[in-house]
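Visitor: One structure follows; several queries about it will come next.
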There are 2 protein chains.
Amino acid sequence: MQECASSKVKTATLGAFRSLLGAHARLLWQLDLELNESHGLSFADFEVLLHLYATEGGELRLSELAELALVSRSALSRRIDSLVGQGWVSRRSCPTDRRGTFAVLTDIGRLKVDESVVTHDAVLTRMLSKRLGDEDLGTLQKMLDEVVDRQ
Amino acid sequence: MQECASSKVKTATLGAFRSLLGAHARLLWQLDLELNESHGLSFADFEVLLHLYATEGGELRLSELAELALVSRSALSRRIDSLVGQGWVSRRSCPTDRRGTFAVLTDIGRLKVDESVVTHDAVLTRMLSKRLGDEDLGTLQKMLDEVVDRQ
DNA sequence: ACGAAATAATTGCGGGTGCAACCAAATATG
DNA sequence: CATATTTGGTTGCACCCGCAATTATTTCGT
C-alpha cells in the first residue's frame, strides 16, 4: 500500500509532454537567438511578418493574424504598433466592416522577410530536417495535430 | 521562373514546426487555465513545485531547478521568492558550497501538489493519452528528443 | 426597425521574462 | 600562494504578455 502520489499519469504521457516542452523551448530559443543577432528581429516579430508574407496580397485582418500567430489580440495590436514603427507593416481600415483593420506588409517589410527567412529556414532545417526524415516529420505533425483537433 | 521565395524549407518541416507551436500553445493554455481556476496556481509555479515534489528529499539547487523548469536563473529566483511568500517553498543555504541555495518543498507545498497534480494529470490524460496510444506517445517522445539531443 | 448581444480593436494594469551587471564564493592557473 | 577565471544567485532594466474594461460597429432576435 504505497502512497505513490508523485504522478498518476502514465509515464509515457508525462515523458512525451516533457519532451514537447523541451523541444519547443530549444527551437524557440535558437530561432530567437539567430534571428536577433542576424537581423535584429524577435521570433514573435518574424512570425507575424511571415504570416503576412505567405498571404495573398500580403494583408490580413488583425484578428486572423492573432489567431495564426497564437497570441492574444492585445498582444498582436501592440506588436503591429511596433512593426508599423519600423516601417515593415501598415494599417488599412477595412472598407466593408468599419470595425476591422488590415495589417499590410510594406515593400520594406517584404525585403526584411526575404533576408530573414533564410536564417529561419536554416535553423529549422538544421534542427528538424537533418534529424528527422520527411516521413517522421509527417507522422510527428499528424500526432501533434491530434492534440489540437476537435477542440 | 517563379520567385517562390515564400519559404525554402520543405513543407514537411514547416508543417511539423507549426504543429509543434500549436500543440504547445494549446496544452499550456489549457493547463494554465485549469490549474488557475481550480487551485490558483500558474503552470509555471506548478512546474517548479512538481520538480521538487519528484525529487528525493523534495529539494534541489536553484540552478538545477532552473534548468529543469526551462527558465533563466533570474526568472527562477523570482519565482522562488513568490513560492516562499506563499509558504510552499523555503530556501536552505548549501552547507558544502556557500554560494549555493536549495529550494525545499514545505509540508504545505507538498499538500498543494497533492491536490493540484490531479488537475494537471487530468488535462494531460485528456489531451494526450486519450488521443494518442502509448506506443504513439513513445515515438512522439523519441522524435522530439532528437530535436534537443546532441547540443 | 429597434434594442440586445456579439465582435474588432485598443488601452490600462499587473505580472512575468531574459539579459546584463553585480557580488560572493569556489576553482583553476601561474 | 596569489590571482585570474568561473560559477551560483540576485537585482535593475526594458520589454512582452494576457485579462478585463472600453469604444465603435455589426448582427441577431423579435
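By convention here, the chains of the C-alpha cells are called A, B, ... in the order presented, each chain's residues are numbered starting at 1, and ligands are numbered starting at 1 in the order presented.
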Output the contact residues of chain A with respect to chain B at a cut-off of 8 Å, based on only C-alpha atoms, as JSON, numbers by chain.

Guide: {"A": [5, 6, 7, 8, 9, 12, 13, 14, 15, 16, 17, 19, 20, 21, 22, 23, 24, 25, 26, 27, 53, 54, 70, 114, 117, 118, 121, 122, 124, 125, 127, 128, 129, 131, 132, 134, 136, 137, 138, 140, 141, 143, 144, 145, 146, 147, 148]}

Visitor: Once DSSP has gone over the backbone, tell me which residues of chain A are in strand (DSSP E or B), as a PyMOL selection string.

Guide: chain A and resi 59-61+89-93+101-105

Visitor: Store the residues picked out above in a file with C-alpha atoms, as an mmCIF file, in the first residue's frame.

Guide:
```cif
data_model
loop_
_atom_site.group_PDB
_atom_site.id
_atom_site.type_symbol
_atom_site.label_atom_id
_atom_site.label_comp_id
_atom_site.auth_asym_id
_atom_site.auth_seq_id
_atom_site.Cartn_x
_atom_site.Cartn_y
_atom_site.Cartn_z
ATOM 1 C CA GLU A 59 -2.519 41.576 -45.766
ATOM 2 C CA LEU A 60 -4.644 40.031 -43.034
ATOM 3 C CA ARG A 61 -7.260 41.130 -40.566
ATOM 4 C CA VAL A 89 3.761 46.972 -41.777
ATOM 5 C CA SER A 90 0.987 49.494 -42.239
ATOM 6 C CA ARG A 91 -2.611 49.534 -41.078
ATOM 7 C CA ARG A 92 -5.506 49.740 -43.528
ATOM 8 C CA SER A 93 -9.061 50.046 -42.289
ATOM 9 C CA THR A 101 -8.324 46.667 -39.660
ATOM 10 C CA PHE A 102 -5.909 45.005 -42.031
ATOM 11 C CA ALA A 103 -2.221 44.657 -41.356
ATOM 12 C CA VAL A 104 -0.408 45.156 -44.657
ATOM 13 C CA LEU A 105 3.162 44.137 -45.369
#
```

Visitor: Fit chain A to chain B: least squares, all C-alpha atoms, paired in order; write the output as a CSV table (one decimal) with N, CA and C atoms, in the first residue's frame.

Guide:
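Just written: part.csv:
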```
chain,number,residue,atom,x,y,z
A,1,MET,N,10.7,30.3,-64.3
A,1,MET,CA,11.6,31.0,-63.3
A,1,MET,C,10.8,31.8,-62.3
A,2,GLN,N,10.2,31.1,-61.4
A,2,GLN,CA,9.4,31.8,-60.4
A,2,GLN,C,10.3,32.3,-59.3
A,3,GLU,N,9.7,33.3,-58.6
A,3,GLU,CA,10.4,33.8,-57.4
A,3,GLU,C,10.4,32.7,-56.3
A,4,CYS,N,9.2,32.3,-56.0
A,4,CYS,CA,9.0,31.3,-55.0
A,4,CYS,C,9.8,31.5,-53.7
A,5,ALA,N,9.8,32.7,-53.2
A,5,ALA,CA,10.6,33.0,-52.1
A,5,ALA,C,9.9,32.8,-50.7
A,6,SER,N,8.6,32.3,-50.8
A,6,SER,CA,7.8,32.3,-49.6
A,6,SER,C,8.5,31.4,-48.5
A,7,SER,N,9.2,30.3,-48.9
A,7,SER,CA,9.9,29.5,-47.9
A,7,SER,C,10.7,28.5,-48.6
A,8,LYS,N,11.9,28.4,-48.2
A,8,LYS,CA,12.8,27.4,-48.8
A,8,LYS,C,12.7,26.0,-48.1
A,9,VAL,N,12.3,26.0,-46.8
A,9,VAL,CA,12.2,24.8,-46.1
A,9,VAL,C,11.2,23.9,-46.7
A,10,LYS,N,11.4,22.6,-46.6
A,10,LYS,CA,10.4,21.6,-47.1
A,10,LYS,C,9.1,21.8,-46.3
A,11,THR,N,8.0,21.7,-47.0
A,11,THR,CA,6.7,21.9,-46.3
A,11,THR,C,6.5,20.9,-45.1
A,12,ALA,N,7.1,19.8,-45.2
A,12,ALA,CA,7.0,18.8,-44.1
A,12,ALA,C,7.6,19.4,-42.8
A,13,THR,N,8.7,20.1,-43.0
A,13,THR,CA,9.4,20.7,-41.9
A,13,THR,C,8.6,21.8,-41.3
A,14,LEU,N,8.2,22.7,-42.1
A,14,LEU,CA,7.4,23.8,-41.6
A,14,LEU,C,6.1,23.4,-41.0
A,15,GLY,N,5.5,22.4,-41.6
A,15,GLY,CA,4.2,21.9,-41.1
A,15,GLY,C,4.4,21.3,-39.7
A,16,ALA,N,5.4,20.5,-39.5
A,16,ALA,CA,5.7,19.9,-38.2
A,16,ALA,C,6.0,21.0,-37.2
A,17,PHE,N,6.7,22.0,-37.6
A,17,PHE,CA,7.0,23.1,-36.7
A,17,PHE,C,5.7,23.8,-36.2
A,18,ARG,N,4.9,24.1,-37.2
A,18,ARG,CA,3.7,24.8,-36.9
A,18,ARG,C,2.8,24.0,-36.0
A,19,SER,N,2.8,22.7,-36.2
A,19,SER,CA,2.0,21.8,-35.3
A,19,SER,C,2.5,21.8,-33.9
A,20,LEU,N,3.9,21.8,-33.9
A,20,LEU,CA,4.5,21.9,-32.6
A,20,LEU,C,4.1,23.1,-31.8
A,21,LEU,N,4.1,24.2,-32.5
A,21,LEU,CA,3.7,25.5,-31.8
A,21,LEU,C,2.3,25.4,-31.4
A,22,GLY,N,1.4,24.9,-32.3
A,22,GLY,CA,0.0,24.8,-31.9
A,22,GLY,C,-0.2,23.9,-30.7
A,23,ALA,N,0.4,22.7,-30.7
A,23,ALA,CA,0.1,21.8,-29.6
A,23,ALA,C,0.6,22.4,-28.3
A,24,HIS,N,1.8,23.0,-28.4
A,24,HIS,CA,2.4,23.6,-27.2
A,24,HIS,C,1.4,24.7,-26.6
A,25,ALA,N,1.0,25.6,-27.5
A,25,ALA,CA,0.2,26.7,-27.1
A,25,ALA,C,-1.1,26.1,-26.5
A,26,ARG,N,-1.7,25.2,-27.1
A,26,ARG,CA,-3.0,24.6,-26.7
A,26,ARG,C,-2.8,23.9,-25.3
A,27,LEU,N,-1.8,23.1,-25.2
A,27,LEU,CA,-1.6,22.4,-23.9
A,27,LEU,C,-1.3,23.4,-22.8
A,28,LEU,N,-0.4,24.3,-23.0
A,28,LEU,CA,-0.1,25.2,-21.9
A,28,LEU,C,-1.3,26.1,-21.5
A,29,TRP,N,-2.0,26.5,-22.5
A,29,TRP,CA,-3.2,27.4,-22.2
A,29,TRP,C,-4.2,26.6,-21.4
A,30,GLN,N,-4.4,25.4,-21.7
A,30,GLN,CA,-5.4,24.6,-21.0
A,30,GLN,C,-4.9,24.3,-19.6
A,31,LEU,N,-3.6,23.9,-19.5
A,31,LEU,CA,-3.1,23.6,-18.1
A,31,LEU,C,-3.1,24.9,-17.2
A,32,ASP,N,-2.7,26.0,-17.8
A,32,ASP,CA,-2.7,27.2,-17.0
A,32,ASP,C,-4.1,27.6,-16.6
A,33,LEU,N,-5.1,27.4,-17.5
A,33,LEU,CA,-6.4,27.8,-17.2
A,33,LEU,C,-7.0,26.9,-16.1
A,34,GLU,N,-6.8,25.6,-16.2
A,34,GLU,CA,-7.5,24.7,-15.2
A,34,GLU,C,-6.7,24.7,-13.9
A,35,LEU,N,-5.4,24.9,-13.9
A,35,LEU,CA,-4.7,25.0,-12.6
A,35,LEU,C,-5.0,26.2,-11.9
A,36,ASN,N,-5.2,27.3,-12.7
A,36,ASN,CA,-5.5,28.6,-12.1
A,36,ASN,C,-6.9,28.6,-11.5
A,37,GLU,N,-7.9,28.1,-12.2
A,37,GLU,CA,-9.3,28.2,-11.7
A,37,GLU,C,-9.6,27.2,-10.6
A,38,SER,N,-8.8,26.1,-10.6
A,38,SER,CA,-9.1,25.1,-9.6
A,38,SER,C,-8.2,25.2,-8.4
A,39,HIS,N,-7.0,25.8,-8.6
A,39,HIS,CA,-6.0,25.8,-7.4
A,39,HIS,C,-5.3,27.2,-7.3
A,40,GLY,N,-5.7,28.2,-8.1
A,40,GLY,CA,-5.0,29.5,-8.0
A,40,GLY,C,-3.5,29.4,-8.3
A,41,LEU,N,-3.1,28.5,-9.2
A,41,LEU,CA,-1.7,28.2,-9.4
A,41,LEU,C,-1.4,28.4,-10.9
A,42,SER,N,-0.4,29.1,-11.2
A,42,SER,CA,0.0,29.2,-12.7
A,42,SER,C,0.8,27.9,-13.0
A,43,PHE,N,0.8,27.6,-14.3
A,43,PHE,CA,1.5,26.4,-14.7
A,43,PHE,C,3.0,26.5,-14.3
A,44,ALA,N,3.6,27.7,-14.5
A,44,ALA,CA,5.0,27.9,-14.1
A,44,ALA,C,5.2,27.6,-12.7
A,45,ASP,N,4.4,28.0,-11.8
A,45,ASP,CA,4.5,27.7,-10.4
A,45,ASP,C,4.4,26.2,-10.1
A,46,PHE,N,3.4,25.6,-10.7
A,46,PHE,CA,3.2,24.2,-10.6
A,46,PHE,C,4.4,23.4,-11.0
A,47,GLU,N,4.9,23.8,-12.2
A,47,GLU,CA,6.1,23.1,-12.7
A,47,GLU,C,7.2,23.1,-11.7
A,48,VAL,N,7.5,24.2,-11.1
A,48,VAL,CA,8.6,24.2,-10.1
A,48,VAL,C,8.3,23.3,-8.9
A,49,LEU,N,7.1,23.4,-8.4
A,49,LEU,CA,6.7,22.6,-7.3
A,49,LEU,C,6.8,21.1,-7.6
A,50,LEU,N,6.4,20.7,-8.8
A,50,LEU,CA,6.4,19.3,-9.2
A,50,LEU,C,7.8,18.8,-9.3
A,51,HIS,N,8.7,19.6,-9.8
A,51,HIS,CA,10.1,19.1,-9.9
A,51,HIS,C,10.6,18.8,-8.5
A,52,LEU,N,10.3,19.7,-7.6
A,52,LEU,CA,10.8,19.5,-6.2
A,52,LEU,C,10.1,18.2,-5.6
A,53,TYR,N,8.8,18.1,-5.9
A,53,TYR,CA,8.0,17.0,-5.4
A,53,TYR,C,8.6,15.7,-5.8
A,54,ALA,N,9.1,15.7,-7.1
A,54,ALA,CA,9.5,14.4,-7.7
A,54,ALA,C,11.0,14.1,-7.3
A,55,THR,N,11.6,14.9,-6.5
A,55,THR,CA,13.0,14.7,-6.1
A,55,THR,C,13.1,14.2,-4.7
A,56,GLU,N,14.1,13.3,-4.6
A,56,GLU,CA,14.4,12.7,-3.3
A,56,GLU,C,14.7,13.8,-2.3
A,57,GLY,N,13.9,13.8,-1.2
A,57,GLY,CA,14.1,14.9,-0.2
A,57,GLY,C,13.4,16.2,-0.5
A,58,GLY,N,12.8,16.3,-1.7
A,58,GLY,CA,12.0,17.5,-2.0
A,58,GLY,C,12.8,18.7,-2.1
A,59,GLU,N,14.1,18.6,-2.4
A,59,GLU,CA,14.9,19.9,-2.5
A,59,GLU,C,15.9,19.8,-3.7
A,60,LEU,N,16.1,20.9,-4.3
A,60,LEU,CA,17.0,21.0,-5.5
A,60,LEU,C,17.8,22.3,-5.4
A,61,ARG,N,19.0,22.3,-6.0
A,61,ARG,CA,19.7,23.6,-6.1
A,61,ARG,C,19.0,24.4,-7.1
A,62,LEU,N,19.0,25.7,-6.9
A,62,LEU,CA,18.3,26.7,-7.8
A,62,LEU,C,18.7,26.5,-9.2
A,63,SER,N,20.0,26.4,-9.4
A,63,SER,CA,20.4,26.3,-10.8
A,63,SER,C,19.9,25.0,-11.5
A,64,GLU,N,19.9,23.9,-10.8
A,64,GLU,CA,19.3,22.7,-11.4
A,64,GLU,C,17.8,22.9,-11.7
A,65,LEU,N,17.2,23.5,-10.7
A,65,LEU,CA,15.7,23.7,-10.9
A,65,LEU,C,15.4,24.6,-12.1
A,66,ALA,N,16.2,25.6,-12.3
A,66,ALA,CA,16.1,26.5,-13.4
A,66,ALA,C,16.2,25.7,-14.7
A,67,GLU,N,17.2,24.8,-14.8
A,67,GLU,CA,17.4,24.0,-16.0
A,67,GLU,C,16.2,23.1,-16.2
A,68,LEU,N,15.7,22.4,-15.1
A,68,LEU,CA,14.6,21.5,-15.3
A,68,LEU,C,13.4,22.3,-15.7
A,69,ALA,N,13.1,23.4,-15.2
A,69,ALA,CA,11.9,24.2,-15.5
A,69,ALA,C,12.0,25.0,-16.8
A,70,LEU,N,13.2,24.9,-17.4
A,70,LEU,CA,13.4,25.6,-18.7
A,70,LEU,C,13.2,27.1,-18.6
A,71,VAL,N,13.7,27.7,-17.5
A,71,VAL,CA,13.7,29.1,-17.4
A,71,VAL,C,15.0,29.7,-17.0
A,72,SER,N,15.2,31.0,-17.2
A,72,SER,CA,16.5,31.6,-16.8
A,72,SER,C,16.6,31.5,-15.2
A,73,ARG,N,17.8,31.7,-14.8
A,73,ARG,CA,18.0,31.7,-13.3
A,73,ARG,C,17.4,32.9,-12.7
A,74,SER,N,17.4,34.0,-13.4
A,74,SER,CA,16.7,35.2,-12.8
A,74,SER,C,15.2,35.0,-12.6
A,75,ALA,N,14.6,34.4,-13.6
A,75,ALA,CA,13.2,34.1,-13.5
A,75,ALA,C,12.9,33.1,-12.4
A,76,LEU,N,13.8,32.1,-12.3
A,76,LEU,CA,13.6,31.1,-11.2
A,76,LEU,C,13.7,31.8,-9.8
A,77,SER,N,14.7,32.6,-9.7
A,77,SER,CA,15.0,33.3,-8.4
A,77,SER,C,13.7,34.0,-8.0
A,78,ARG,N,13.1,34.7,-8.9
A,78,ARG,CA,11.9,35.5,-8.5
A,78,ARG,C,10.7,34.6,-8.2
A,79,ARG,N,10.7,33.5,-9.0
A,79,ARG,CA,9.6,32.5,-8.8
A,79,ARG,C,9.7,31.9,-7.4
A,80,ILE,N,10.9,31.6,-7.0
A,80,ILE,CA,11.1,31.1,-5.7
A,80,ILE,C,10.7,32.1,-4.6
A,81,ASP,N,11.0,33.3,-4.8
A,81,ASP,CA,10.6,34.4,-3.9
A,81,ASP,C,9.1,34.3,-3.7
A,82,SER,N,8.4,34.2,-4.8
A,82,SER,CA,6.9,34.1,-4.7
A,82,SER,C,6.4,32.9,-4.0
A,83,LEU,N,7.0,31.7,-4.3
A,83,LEU,CA,6.6,30.5,-3.7
A,83,LEU,C,6.9,30.5,-2.2
A,84,VAL,N,8.1,31.1,-1.8
A,84,VAL,CA,8.4,31.2,-0.4
A,84,VAL,C,7.3,32.1,0.3
A,85,GLY,N,6.9,33.2,-0.4
A,85,GLY,CA,5.9,34.0,0.1
A,85,GLY,C,4.6,33.3,0.4
A,86,GLN,N,4.3,32.3,-0.5
A,86,GLN,CA,3.1,31.6,-0.3
A,86,GLN,C,3.2,30.4,0.7
A,87,GLY,N,4.5,30.2,1.2
A,87,GLY,CA,4.7,29.2,2.2
A,87,GLY,C,4.9,27.8,1.6
A,88,TRP,N,5.0,27.7,0.3
A,88,TRP,CA,5.1,26.3,-0.3
A,88,TRP,C,6.6,25.9,-0.4
A,89,VAL,N,7.5,26.8,-0.4
A,89,VAL,CA,8.9,26.5,-0.6
A,89,VAL,C,9.7,27.3,0.5
A,90,SER,N,10.8,26.8,0.9
A,90,SER,CA,11.7,27.6,1.7
A,90,SER,C,13.1,27.5,1.1
A,91,ARG,N,14.0,28.4,1.4
A,91,ARG,CA,15.4,28.4,0.9
A,91,ARG,C,16.3,27.8,2.0
A,92,ARG,N,17.3,27.0,1.6
A,92,ARG,CA,18.2,26.5,2.5
A,92,ARG,C,19.6,26.7,1.9
A,93,SER,N,20.5,27.3,2.6
A,93,SER,CA,21.8,27.5,2.0
A,93,SER,C,22.6,26.2,2.0
A,94,CYS,N,23.3,26.0,0.9
A,94,CYS,CA,24.1,24.8,0.8
A,94,CYS,C,25.3,24.8,1.7
A,95,PRO,N,25.4,23.7,2.5
A,95,PRO,CA,26.5,23.7,3.5
A,95,PRO,C,27.9,23.5,2.8
A,96,THR,N,28.0,22.8,1.7
A,96,THR,CA,29.3,22.5,1.1
A,96,THR,C,29.7,23.6,0.1
A,97,ASP,N,28.8,24.4,-0.4
A,97,ASP,CA,29.2,25.4,-1.3
A,97,ASP,C,28.4,26.7,-0.9
A,98,ARG,N,29.1,27.6,-0.3
A,98,ARG,CA,28.4,28.7,0.3
A,98,ARG,C,27.8,29.7,-0.7
A,99,ARG,N,28.1,29.5,-2.0
A,99,ARG,CA,27.3,30.3,-3.0
A,99,ARG,C,25.9,29.7,-3.2
A,100,GLY,N,25.8,28.4,-3.0
A,100,GLY,CA,24.6,27.7,-3.5
A,100,GLY,C,23.4,27.8,-2.5
A,101,THR,N,22.2,27.6,-3.1
A,101,THR,CA,21.0,27.6,-2.3
A,101,THR,C,20.1,26.4,-2.8
A,102,PHE,N,19.5,25.8,-1.8
A,102,PHE,CA,18.5,24.8,-2.1
A,102,PHE,C,17.1,25.4,-2.0
A,103,ALA,N,16.2,25.0,-2.9
A,103,ALA,CA,14.8,25.2,-2.8
A,103,ALA,C,14.2,24.0,-2.1
A,104,VAL,N,13.5,24.1,-1.1
A,104,VAL,CA,13.0,23.0,-0.3
A,104,VAL,C,11.4,23.1,-0.3
A,105,LEU,N,10.8,22.0,-0.7
A,105,LEU,CA,9.3,21.9,-0.6
A,105,LEU,C,8.9,21.8,0.8
A,106,THR,N,8.0,22.7,1.3
A,106,THR,CA,7.5,22.6,2.6
A,106,THR,C,6.3,21.6,2.7
A,107,ASP,N,5.9,21.3,3.9
A,107,ASP,CA,4.8,20.3,4.0
A,107,ASP,C,3.5,20.9,3.4
A,108,ILE,N,3.3,22.2,3.6
A,108,ILE,CA,2.1,22.8,2.9
A,108,ILE,C,2.3,22.7,1.4
A,109,GLY,N,3.5,22.9,0.9
A,109,GLY,CA,3.8,22.9,-0.5
A,109,GLY,C,3.5,21.5,-1.0
A,110,ARG,N,3.8,20.5,-0.3
A,110,ARG,CA,3.6,19.1,-0.7
A,110,ARG,C,2.1,18.8,-0.8
A,111,LEU,N,1.4,19.3,0.1
A,111,LEU,CA,-0.1,19.1,0.1
A,111,LEU,C,-0.7,19.8,-1.1
A,112,LYS,N,-0.1,21.0,-1.4
A,112,LYS,CA,-0.6,21.8,-2.6
A,112,LYS,C,-0.4,21.0,-3.9
A,113,VAL,N,0.8,20.3,-4.0
A,113,VAL,CA,1.0,19.5,-5.2
A,113,VAL,C,0.1,18.3,-5.2
A,114,ASP,N,-0.1,17.7,-4.0
A,114,ASP,CA,-1.0,16.5,-3.9
A,114,ASP,C,-2.4,16.8,-4.5
A,115,GLU,N,-2.9,18.0,-4.2
A,115,GLU,CA,-4.2,18.3,-4.7
A,115,GLU,C,-4.2,18.8,-6.2
A,116,SER,N,-3.2,19.6,-6.6
A,116,SER,CA,-3.2,20.2,-7.9
A,116,SER,C,-2.7,19.2,-9.0
A,117,VAL,N,-1.9,18.2,-8.6
A,117,VAL,CA,-1.4,17.2,-9.6
A,117,VAL,C,-2.6,16.5,-10.2
A,118,VAL,N,-3.7,16.4,-9.5
A,118,VAL,CA,-4.9,15.7,-10.1
A,118,VAL,C,-5.4,16.5,-11.3
A,119,THR,N,-5.4,17.8,-11.2
A,119,THR,CA,-5.9,18.6,-12.3
A,119,THR,C,-4.9,18.5,-13.5
A,120,HIS,N,-3.6,18.6,-13.1
A,120,HIS,CA,-2.5,18.5,-14.1
A,120,HIS,C,-2.7,17.2,-14.9
A,121,ASP,N,-2.8,16.1,-14.1
A,121,ASP,CA,-2.8,14.8,-14.8
A,121,ASP,C,-4.1,14.6,-15.6
A,122,ALA,N,-5.2,15.2,-15.1
A,122,ALA,CA,-6.4,15.1,-15.9
A,122,ALA,C,-6.3,15.7,-17.3
A,123,VAL,N,-5.7,16.9,-17.3
A,123,VAL,CA,-5.5,17.6,-18.6
A,123,VAL,C,-4.6,16.8,-19.5
A,124,LEU,N,-3.5,16.3,-19.0
A,124,LEU,CA,-2.6,15.6,-19.8
A,124,LEU,C,-3.2,14.3,-20.3
A,125,THR,N,-4.0,13.6,-19.5
A,125,THR,CA,-4.6,12.4,-19.9
A,125,THR,C,-5.7,12.7,-21.0
A,126,ARG,N,-6.5,13.7,-20.8
A,126,ARG,CA,-7.5,14.1,-21.7
A,126,ARG,C,-6.9,14.5,-23.1
A,127,MET,N,-5.8,15.3,-23.0
A,127,MET,CA,-5.3,15.8,-24.3
A,127,MET,C,-4.2,15.0,-24.9
A,128,LEU,N,-3.6,14.1,-24.2
A,128,LEU,CA,-2.6,13.3,-24.8
A,128,LEU,C,-2.9,11.8,-24.8
A,129,SER,N,-3.1,11.2,-23.6
A,129,SER,CA,-3.4,9.8,-23.5
A,129,SER,C,-4.6,9.3,-24.3
A,130,LYS,N,-5.6,10.1,-24.2
A,130,LYS,CA,-6.9,9.7,-24.8
A,130,LYS,C,-6.8,9.9,-26.3
A,131,ARG,N,-5.9,10.6,-26.9
A,131,ARG,CA,-5.9,10.8,-28.3
A,131,ARG,C,-4.7,10.1,-29.0
A,132,LEU,N,-3.7,9.8,-28.2
A,132,LEU,CA,-2.6,9.0,-28.8
A,132,LEU,C,-2.3,7.8,-27.9
A,133,GLY,N,-2.2,6.7,-28.5
A,133,GLY,CA,-1.9,5.5,-27.7
A,133,GLY,C,-0.5,5.5,-27.1
A,134,ASP,N,-0.3,4.6,-26.1
A,134,ASP,CA,1.0,4.6,-25.5
A,134,ASP,C,2.2,4.4,-26.5
A,135,GLU,N,1.9,3.7,-27.5
A,135,GLU,CA,3.0,3.4,-28.5
A,135,GLU,C,3.3,4.7,-29.2
A,136,ASP,N,2.3,5.4,-29.7
A,136,ASP,CA,2.4,6.7,-30.3
A,136,ASP,C,3.2,7.7,-29.4
A,137,LEU,N,2.8,7.7,-28.2
A,137,LEU,CA,3.4,8.7,-27.2
A,137,LEU,C,4.9,8.4,-27.1
A,138,GLY,N,5.2,7.1,-27.2
A,138,GLY,CA,6.7,6.8,-27.1
A,138,GLY,C,7.4,7.3,-28.3
A,139,THR,N,6.9,7.1,-29.5
A,139,THR,CA,7.6,7.5,-30.7
A,139,THR,C,7.6,9.0,-30.8
A,140,LEU,N,6.5,9.7,-30.3
A,140,LEU,CA,6.5,11.1,-30.3
A,140,LEU,C,7.6,11.6,-29.4
A,141,GLN,N,7.7,11.0,-28.2
A,141,GLN,CA,8.8,11.5,-27.3
A,141,GLN,C,10.2,11.3,-27.9
A,142,LYS,N,10.3,10.2,-28.6
A,142,LYS,CA,11.7,9.9,-29.2
A,142,LYS,C,12.0,10.9,-30.2
A,143,MET,N,11.0,11.2,-31.1
A,143,MET,CA,11.2,12.2,-32.1
A,143,MET,C,11.6,13.6,-31.6
A,144,LEU,N,10.8,14.0,-30.6
A,144,LEU,CA,11.0,15.3,-30.0
A,144,LEU,C,12.4,15.4,-29.3
A,145,ASP,N,12.8,14.3,-28.7
A,145,ASP,CA,14.1,14.3,-28.1
A,145,ASP,C,15.2,14.4,-29.1
A,146,GLU,N,15.0,14.0,-30.3
A,146,GLU,CA,16.0,14.1,-31.3
A,146,GLU,C,16.3,15.6,-31.6
A,147,VAL,N,15.3,16.4,-31.4
A,147,VAL,CA,15.4,17.8,-31.7
A,147,VAL,C,16.4,18.5,-30.6
A,148,VAL,N,16.3,17.9,-29.4
A,148,VAL,CA,17.1,18.5,-28.4
A,148,VAL,C,18.5,17.9,-28.2
A,149,ASP,N,18.6,16.6,-28.4
A,149,ASP,CA,19.8,15.9,-28.2
A,149,ASP,C,21.0,16.4,-29.0
A,150,ARG,N,22.1,16.0,-28.6
A,150,ARG,CA,23.4,16.5,-29.3
A,150,ARG,C,23.3,18.0,-29.5
A,151,GLN,N,23.4,18.7,-28.5
A,151,GLN,CA,23.4,20.2,-28.5
A,151,GLN,C,22.0,20.8,-28.8
```

Visitor: Within 9 Å of chain B, which residues belong to chain D? Use only C-alpha atoms (C1' of nucleotides) and report them as a PDB file with N, CA, C and O atoms (P, O5', C5', C4', C3', O3' and C1' of nucleotides), in the first residue's frame.

Guide:
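Wrote selection19.pdb, looks like this:
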```pdb
ATOM      1  P    DT D   7      32.125  27.660 -15.527  1.00  0.00           P
ATOM      2  O5'  DT D   7      31.335  27.886 -14.161  1.00  0.00           O
ATOM      3  C5'  DT D   7      31.769  27.216 -12.988  1.00  0.00           C
ATOM      4  C4'  DT D   7      30.906  27.640 -11.818  1.00  0.00           C
ATOM      5  C3'  DT D   7      29.401  27.697 -12.146  1.00  0.00           C
ATOM      6  O3'  DT D   7      28.713  26.930 -11.176  1.00  0.00           O
ATOM      7  C1'  DT D   7      30.107  29.665 -11.062  1.00  0.00           C
ATOM      8  P    DG D   8      27.147  26.767 -11.192  1.00  0.00           P
ATOM      9  O5'  DG D   8      26.689  27.716 -10.009  1.00  0.00           O
ATOM     10  C5'  DG D   8      26.952  27.344  -8.663  1.00  0.00           C
ATOM     11  C4'  DG D   8      26.136  28.197  -7.717  1.00  0.00           C
ATOM     12  C3'  DG D   8      24.655  28.301  -8.084  1.00  0.00           C
ATOM     13  O3'  DG D   8      23.873  28.205  -6.898  1.00  0.00           O
ATOM     14  C1'  DG D   8      25.634  30.462  -8.099  1.00  0.00           C
ATOM     15  P    DG D   9      22.291  28.213  -7.032  1.00  0.00           P
ATOM     16  O5'  DG D   9      21.955  29.753  -6.834  1.00  0.00           O
ATOM     17  C5'  DG D   9      22.230  30.344  -5.566  1.00  0.00           C
ATOM     18  C4'  DG D   9      22.042  31.839  -5.622  1.00  0.00           C
ATOM     19  C3'  DG D   9      20.641  32.320  -6.008  1.00  0.00           C
ATOM     20  O3'  DG D   9      20.077  32.955  -4.868  1.00  0.00           O
ATOM     21  C1'  DG D   9      22.360  33.577  -7.109  1.00  0.00           C
ATOM     22  P    DT D  10      18.608  33.601  -4.972  1.00  0.00           P
ATOM     23  O5'  DT D  10      18.889  35.144  -5.290  1.00  0.00           O
ATOM     24  C5'  DT D  10      19.793  35.858  -4.449  1.00  0.00           C
ATOM     25  C4'  DT D  10      19.921  37.309  -4.890  1.00  0.00           C
ATOM     26  C3'  DT D  10      18.600  38.033  -5.173  1.00  0.00           C
ATOM     27  O3'  DT D  10      18.651  39.291  -4.496  1.00  0.00           O
ATOM     28  C1'  DT D  10      20.064  38.267  -7.008  1.00  0.00           C
ATOM     29  P    DT D  11      17.383  40.242  -4.431  1.00  0.00           P
ATOM     30  O5'  DT D  11      17.691  41.324  -5.567  1.00  0.00           O
ATOM     31  C5'  DT D  11      18.818  42.184  -5.416  1.00  0.00           C
ATOM     32  C4'  DT D  11      18.953  43.081  -6.647  1.00  0.00           C
ATOM     33  C3'  DT D  11      17.675  43.808  -7.076  1.00  0.00           C
ATOM     34  O3'  DT D  11      18.003  45.159  -7.338  1.00  0.00           O
ATOM     35  C1'  DT D  11      18.617  42.683  -8.908  1.00  0.00           C
TER      36       DT D  11
END
```
